[in-house]
Amino acid sequence: MSNEFKLNCAGKILDLKKPGVMGILNVTPDSFYQGSRCSDNWLNVAQEMIRDGAEILDIGGESTRPGASGAPTPEQELERVLPVIEGLASRFNVVISVDTSSPLVIREAVKAGAGMINDVRALHREGALEAAAETDVPIILMHSFVDQPEPGLVPVYGDVVEEVRQYLMDCVQRCEHAGILRERLILDPGFGGGMFGKTPMYDLEMLKGFRRFHELGLPVLAGMSRKSFIGATLDRDAEDRLPGSLAAAMLAIQAGAHIIRVHDVRETVDVLRFLQAVDEA
Ligand code: YH5
């Protein structure tokens with residue numbers, strides 16, 4: 001089941017027979033983790049991630065960090081991400097993913113060369129579903145607490161894996177109704193607190209039960225890099241969460257994840273190479 005996914009990302013074929021690494025390139029002025037902030041330095045950071053083996057670069061211009069200083073307008077978001085997308089598309093043969101929920105940014109980013117849409121709101125912002133349907137690139141649908149009534153509130157789940165699975169299945173149906181082919185979709189359970197809506201315990205439960213996200217028959221992405229559940233589990237600040245993040249990545253890969261979204265590309269690629277070597281022994 002996990003062997004048959006080939007995605008056409010604006011002409012570049014992403015073969016998920018082997019798991020791929022997505023490098024995080026934040027072009028926000030206020031990302032929580034200094035190491036991924038690269039407003040001025042994006043070209044060097046991107047080049048290094050590609051050299052280290054990232055197959056996808058995820059360009060984000062909206063911080064989802066709790067308490068991030070005000071959401072940017074779609075125009076501001078576009079102003080941040082568009083030069084980066086254009087610059088990368090003209091230089092590198094890498095899949096460029098745009099981390100956005102805005103219909104305007106979706107349309108313009110894909111025109112500028114983005115080969116993947118990554119939406120933590122799973123196309124629930126007004127007009128986003130239609131904007132995505134007009135393109136033909138793969139789409140990451142992530143589970144979050146989209147209807148969060150106020151910051152800090154976390155939903156209560158019985159079986160978090162089951163409820164997240166159900167939500168993702170509903171999102172797939174909604175996309176299919178809008179004319180988006182199933183073959184274009186990637187699922188993501190959305191690890192993390194804040195608007196992602198999970199406590200550290202829910203995150204651990206999702207990682208433990210990760211295999212069940214596969215039963216939906218679509219490629220699955222895991223984004224856990226340096227997130228607070230790793231910090232809470234190990235009592236470590238963001239700068240000291242690399243070992244925990246690598247352990248999490250390894251478990252997700254063993255549970256069948258197709259894409260791992262990370263800040264630390266080189267280290268994560270080593271984990272993947274190592275697992276591959278054991279697999280082939
Ligand atoms: C994701 O999981 N996450 S942005 C808080 C942290 C560390 C990292 C407090 N976009 C995801 O990376 N897109 C983000 O420590 C994402 N999946 C997908 N598809 C949040 C983030 C982060 C937040």
# chains A, B, ... in the order shown; residues from 1 in each chain; ligands from 1
>>> residues_near_ligand(ligand="ligand 1", cutoff="8 Å", atoms="only C-alpha atoms and all ligand atoms", output="PyMOL selection string")
chain A and resi 24+32-33+60+63-65+99+118-120+140-142+188-193+221-228+238+261-262
>>> select_by_dssp(residues="stretch 99-240 of chain A", states="alpha helix (DSSP H)", output="PyMOL selection string")
chain A and resi 103-111+128-133+160-177+200-208+228-234
>>> atom_distance(atom1="atom CA of A:Leu275", atom2="atom CA of A:Lys6")
21.1 Å
>>> residues_around(residues="A:Leu7", least_positions_apart="4", cutoff="8 Å", atoms="only C-alpha atoms", output="ChimeraX atom specification")
/A:13-16,138,183-184
>>> closest_residue(among="A:Ile260, A:Val161, A:Val146, A:Leu129", to="A:Arg174", atoms="only C-alpha atoms")
A:Leu129
>>> closest_residue(among="A:Val164, A:Asn93, A:His214, A:Ala133", to="A:Glu176", atoms="only C-alpha atoms")
A:Ala133
>>> residues_around(residues="A:Tyr157", least_positions_apart="2", cutoff="12 Å", atoms="only C-alpha atoms", output="MDAnalysis selection string")
chainID A and resid 145 154:155 159:164 197:199 201:203 205:206
>>> write_last_selection(atoms="C-alpha atoms", output="tab-separated table (two decimals), in the first residue's frame")
chain	number	residue	atom	x	y	z
A	145	PHE	CA	-8.48	22.48	15.68
A	154	VAL	CA	-7.80	21.94	23.52
A	155	PRO	CA	-10.51	19.50	22.46
A	159	ASP	CA	-9.55	7.94	20.67
A	160	VAL	CA	-7.50	10.73	19.12
A	161	VAL	CA	-6.23	8.60	16.22
A	162	GLU	CA	-9.74	7.53	15.30
A	163	GLU	CA	-11.16	11.04	15.48
A	164	VAL	CA	-8.34	12.56	13.47
A	197	GLY	CA	-5.16	21.23	19.15
A	198	LYS	CA	-3.20	18.39	20.72
A	199	THR	CA	-1.76	17.96	24.19
A	201	MET	CA	-0.20	13.04	25.48
A	202	TYR	CA	-2.40	13.15	22.37
A	203	ASP	CA	0.73	13.67	20.25
A	205	GLU	CA	-0.79	8.58	21.22
A	206	MET	CA	-0.87	9.66	17.57
>>> select_by_dssp(residues="stretch 90-163 of chain A", states="strand (DSSP E or B)", output="ChimeraX atom specification")
/A:95-99,116-119,139-142
>>> write_last_selection(atoms="C-alpha atoms", output="mmCIF file, in the first residue's frame")
data_model
loop_
_atom_site.group_PDB
_atom_site.id
_atom_site.type_symbol
_atom_site.label_atom_id
_atom_site.label_comp_id
_atom_site.auth_asym_id
_atom_site.auth_seq_id
_atom_site.Cartn_x
_atom_site.Cartn_y
_atom_site.Cartn_z
ATOM 1 C CA VAL A 95 9.717 20.351 -5.039
ATOM 2 C CA ILE A 96 8.577 23.660 -3.580
ATOM 3 C CA SER A 97 5.714 23.430 -1.125
ATOM 4 C CA VAL A 98 3.808 26.518 -0.019
ATOM 5 C CA ASP A 99 2.587 26.472 3.577
ATOM 6 C CA MET A 116 2.726 21.399 -3.606
ATOM 7 C CA ILE A 117 0.162 23.081 -1.340
ATOM 8 C CA ASN A 118 0.530 22.542 2.415
ATOM 9 C CA ASP A 119 -2.499 23.739 4.347
ATOM 10 C CA ILE A 139 -2.150 19.003 -1.494
ATOM 11 C CA ILE A 140 -1.304 18.231 2.134
ATOM 12 C CA LEU A 141 -4.459 18.116 4.250
ATOM 13 C CA MET A 142 -3.592 18.548 7.912
#
>>> decode(residues="stretch 171-184 of chain A", atoms="all heavy atoms", output="short mmCIF file (atom, residue, chain, number, x, y, z; two decimals), in the first residue's frame")
data_model
loop_
_atom_site.label_atom_id
_atom_site.label_comp_id
_atom_site.auth_asym_id
_atom_site.auth_seq_id
_atom_site.Cartn_x
_atom_site.Cartn_y
_atom_site.Cartn_z
N CYS A 171 -12.31 15.29 5.01
CA CYS A 171 -11.61 16.28 4.17
C CYS A 171 -11.36 15.72 2.77
O CYS A 171 -11.46 16.44 1.78
CB CYS A 171 -10.28 16.69 4.79
SG CYS A 171 -10.46 17.63 6.30
N VAL A 172 -11.01 14.43 2.70
CA VAL A 172 -10.76 13.80 1.40
C VAL A 172 -12.05 13.84 0.57
O VAL A 172 -12.04 14.22 -0.61
CB VAL A 172 -10.25 12.35 1.57
CG1 VAL A 172 -10.23 11.62 0.23
CG2 VAL A 172 -8.87 12.35 2.21
N GLN A 173 -13.16 13.51 1.19
CA GLN A 173 -14.46 13.52 0.50
C GLN A 173 -14.81 14.90 0.01
O GLN A 173 -15.26 15.08 -1.13
CB GLN A 173 -15.54 13.06 1.49
CG GLN A 173 -15.65 11.57 1.59
CD GLN A 173 -17.11 11.18 1.71
OE1 GLN A 173 -17.90 11.90 2.33
NE2 GLN A 173 -17.48 10.07 1.11
N ARG A 174 -14.57 15.88 0.88
CA ARG A 174 -14.88 17.26 0.53
C ARG A 174 -14.05 17.70 -0.69
O ARG A 174 -14.55 18.37 -1.58
CB ARG A 174 -14.58 18.13 1.76
CG ARG A 174 -14.92 19.57 1.65
CD ARG A 174 -14.80 20.24 3.03
NE ARG A 174 -14.81 21.68 2.89
CZ ARG A 174 -13.73 22.42 2.74
NH1 ARG A 174 -12.54 21.88 2.72
NH2 ARG A 174 -13.85 23.74 2.60
N CYS A 175 -12.79 17.28 -0.73
CA CYS A 175 -11.94 17.60 -1.87
C CYS A 175 -12.46 16.91 -3.13
O CYS A 175 -12.52 17.52 -4.21
CB CYS A 175 -10.50 17.15 -1.60
SG CYS A 175 -9.60 18.26 -0.53
N GLU A 176 -12.84 15.64 -2.99
CA GLU A 176 -13.32 14.91 -4.17
C GLU A 176 -14.58 15.56 -4.73
O GLU A 176 -14.74 15.68 -5.94
CB GLU A 176 -13.54 13.43 -3.82
CG GLU A 176 -12.21 12.69 -3.65
CD GLU A 176 -12.40 11.18 -3.46
OE1 GLU A 176 -13.10 10.80 -2.49
OE2 GLU A 176 -11.85 10.40 -4.25
N HIS A 177 -15.44 16.03 -3.83
CA HIS A 177 -16.65 16.75 -4.28
C HIS A 177 -16.32 18.01 -5.05
O HIS A 177 -17.05 18.42 -5.94
CB HIS A 177 -17.51 17.14 -3.07
CG HIS A 177 -18.43 16.04 -2.64
ND1 HIS A 177 -19.46 15.59 -3.42
CD2 HIS A 177 -18.46 15.29 -1.50
CE1 HIS A 177 -20.09 14.61 -2.79
NE2 HIS A 177 -19.49 14.39 -1.62
N ALA A 178 -15.19 18.62 -4.68
CA ALA A 178 -14.78 19.86 -5.35
C ALA A 178 -14.00 19.57 -6.63
O ALA A 178 -13.48 20.49 -7.27
CB ALA A 178 -13.96 20.71 -4.39
N GLY A 179 -13.88 18.29 -6.97
CA GLY A 179 -13.21 17.94 -8.23
C GLY A 179 -11.72 17.71 -8.10
O GLY A 179 -11.01 17.67 -9.09
N ILE A 180 -11.24 17.59 -6.87
CA ILE A 180 -9.81 17.32 -6.66
C ILE A 180 -9.60 15.81 -6.62
O ILE A 180 -10.24 15.12 -5.81
CB ILE A 180 -9.32 17.97 -5.35
CG1 ILE A 180 -9.47 19.51 -5.43
CG2 ILE A 180 -7.87 17.57 -5.04
CD1 ILE A 180 -9.21 20.23 -4.13
N LEU A 181 -8.74 15.32 -7.48
CA LEU A 181 -8.51 13.87 -7.52
C LEU A 181 -7.84 13.41 -6.24
O LEU A 181 -6.92 14.04 -5.72
CB LEU A 181 -7.62 13.50 -8.71
CG LEU A 181 -8.21 13.72 -10.11
CD1 LEU A 181 -7.17 13.35 -11.17
CD2 LEU A 181 -9.49 12.92 -10.28
N ARG A 182 -8.30 12.28 -5.76
CA ARG A 182 -7.73 11.63 -4.58
C ARG A 182 -6.22 11.44 -4.69
O ARG A 182 -5.48 11.54 -3.71
CB ARG A 182 -8.41 10.26 -4.53
CG ARG A 182 -8.55 9.63 -3.24
CD ARG A 182 -9.15 8.25 -3.43
NE ARG A 182 -8.75 7.46 -2.28
CZ ARG A 182 -9.31 7.57 -1.09
NH1 ARG A 182 -10.34 8.34 -0.90
NH2 ARG A 182 -8.85 6.86 -0.08
N GLU A 183 -5.77 11.17 -5.92
CA GLU A 183 -4.34 10.93 -6.17
C GLU A 183 -3.48 12.14 -5.83
O GLU A 183 -2.26 12.04 -5.79
CB GLU A 183 -4.11 10.57 -7.65
CG GLU A 183 -4.63 9.21 -8.09
CD GLU A 183 -6.15 9.10 -8.10
OE1 GLU A 183 -6.82 10.07 -8.54
OE2 GLU A 183 -6.68 8.07 -7.63
N ARG A 184 -4.12 13.29 -5.66
CA ARG A 184 -3.35 14.50 -5.35
C ARG A 184 -3.19 14.73 -3.84
O ARG A 184 -2.53 15.68 -3.44
CB ARG A 184 -4.05 15.73 -5.94
CG ARG A 184 -3.92 15.85 -7.45
CD ARG A 184 -4.76 17.00 -7.97
NE ARG A 184 -4.40 18.27 -7.34
CZ ARG A 184 -5.15 19.38 -7.43
NH1 ARG A 184 -6.27 19.36 -8.09
NH2 ARG A 184 -4.75 20.48 -6.84
#
